[in-house]
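Undergrad: What follows is a single structure, and I will ask about it in a moment.
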Amino acid sequence: MVWSFVYFGVGRVVELVALCFRRHEAKEIEILVLRHELEILRRRQPRPRLTPKDRAWLSLLSRRLSRERWTVFLVRPETLLAWHRRMVRRRWTYPTIPKGRPAVPATVQATILRMAKDNPRWGYQRIQGELALLSCVVSASSVRRVLIAHGIPPAPRRSVTTWRSFIRTQAAGIVACDFFSVDTVLLHRLYVLFFIEVGSRRVWLAGVTAHPTGEWVTQQARNVTAAMQDRGASPRHLIRDRDTKFSRAFDDVWRSIGAQIIRTPVRTPVANAFAERWVGTVRRDCLDHLLIVGRRHLERVLADYVEHYNRHRPHRSLNLCAPDRPLPEATAPVALERLRRNDILGGVIHEYELVAA
């Protein structure tokens with residue numbers, strides 16, 4: 001920037017020296033031409049933008065030109081004087097000592113934001129107290145200033161309990177259930193009742209029937225609850241829709257083991273998202289690639305798939321683990337030459353495992 005300004009100034013000085021040796025008539029004609037061009041430029045919209053070099057050069061020339069002739073400039077006389085004052089102010093600027101409180105360090109700001117997002121019910125003073133336990137002294141007003149700067153509202157406004165947050169916090173004791181239908185080769189429709197544990201993603205296949213009734217659904221609920229209790233599961237909530245097949249006797253079976261019934265709103269499948277998601281999974285992975293002959297065929301297919309789903313299929317919500325099979329620790333490089341493929345459902349699904357050396 002400095003060298004470009006020096007080059008600019010030297011070039012203008014050379015032009016002034018060359019101008020001194022030109023004839024007076026040529027100078028007058030050139031001045032008339034330049035004045036006319038200046039009038040044309042003043043009619044342009046928007047106004048031309050001036051660079052710092054242009055401002056500096058015009059400011060210096062204004063000191064060599066009388067005040068009455070300042071009308072030749074593109075800008076007003078007040079603008080020229082303001083440019084000159086700005087140059088003087090920049091020339092005689094002394095370092096100043098910043099006043100006020102010191103800025104909050106970046107690491108402390110990141111900690112404040114993390115606490116506010118992880119704990120939506122914490123106020124400014126609660127966050128201040130938690131930081132004090134970490135040997136970090138910050139005032140409540142500083143905490144408030146950091147949160148406001150990042151667009152985070154106060155505690156009462158950001159502690160809204162949504163359906164997703166409720167499901168996430170209570171997932172360990174929630175069971176969702178639903179029906180889905182399968183059409184056979186002869187276009188007979190079969191109905192499948194299933195239950196899924198939201199916390200572990202484990203699926204319980206209740207039964208398959210062509211004519212689901214309230215008595216049949218209640219009996220399947222007794223079988224599933226008994227199997228869950230044998231496994232040590234203790235559900236606290238059951239999510240179901242408002243289908244009439246879920247009768248009062250069905251609800252009483254779940255209430256007898258201490259579960260609370262949560263009915264989803266009318267025509268709101270997103271309220272039972274975990275069951276709906278599993279229906280899509282079983283269709284994409286299995287049922288869309290097979291022709292179902294009858295009820296017994298469908299029961300065998302779903303039994304094999306549920307076994308694969310619970311013991312082998314990785315889940316993103318479980319850190320790529322299966323519900324009934326934790327992820328093994330990687331202690332050494334895997335010998336891929338010992339990899340063996342197991343075909344499920346005639347090759348529709350593949351499982352891989354390492355054979356013993």
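Starting from 1 in every chain, residues are counted up; chains themselves are A, B, ... following the order of the structure tokens, and ligands are numbered from 1 as listed.
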Excluding Thr225 (chain A) and any residue of its chain fewer than 5 positions from it, enumerate the residues within 10 Å of it, using only C-alpha atoms, and give them as a list in words.
TA: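 In the requested form, the answer reads Trp204, Gln220, Asp230, Arg231, Ala233, Ser234, Pro235, Val253, Trp254, Ser256 and Ile257 of chain A.
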Undergrad: Listing only residues of region 180-235 of chain A within 9 Å of region 276-282 of chain A, what is the closest atom pair and its distance in Å (to one decimal) for each, using only C-alpha atoms, sorted by chain and residue number ascending, as JSON lines?
TA:
```
{"residue": "A:Phe180", "atom": "CA", "partner": "A:Val279", "partner_atom": "CA", "distance": 6.9}
{"residue": "A:Ile196", "atom": "CA", "partner": "A:Trp278", "partner_atom": "CA", "distance": 8.4}
{"residue": "A:Val203", "atom": "CA", "partner": "A:Trp278", "partner_atom": "CA", "distance": 8.7}
```
Undergrad: Please run DSSP on the backbone and report, as JSON, numbers by chain, all residues within region 190-301 of chain A that come out as strand (DSSP E or B).
TA: {"A": [190, 191, 192, 193, 194, 195, 196, 197, 203, 204, 205, 206, 207, 208, 209, 237, 238, 239, 240, 260, 261, 262, 263]}
Undergrad: Need the shell around Val185 (chain A): protein/DNA/RNA residues with any atom at most 7 Å away, counting only C-alpha atoms. Skip same-chain ones fewer than 4 positions apart. Format as a PDB file with C-alpha atoms, in the first residue's frame?
TA:
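result_27.pdb, freshly written:
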```pdb
ATOM      1  CA  LEU A 291     -42.917 -63.067  -2.639  1.00  0.00           C
ATOM      2  CA  ILE A 292     -44.916 -64.195   0.390  1.00  0.00           C
ATOM      3  CA  VAL A 293     -47.009 -67.329  -0.148  1.00  0.00           C
TER       4      VAL A 293
END
```
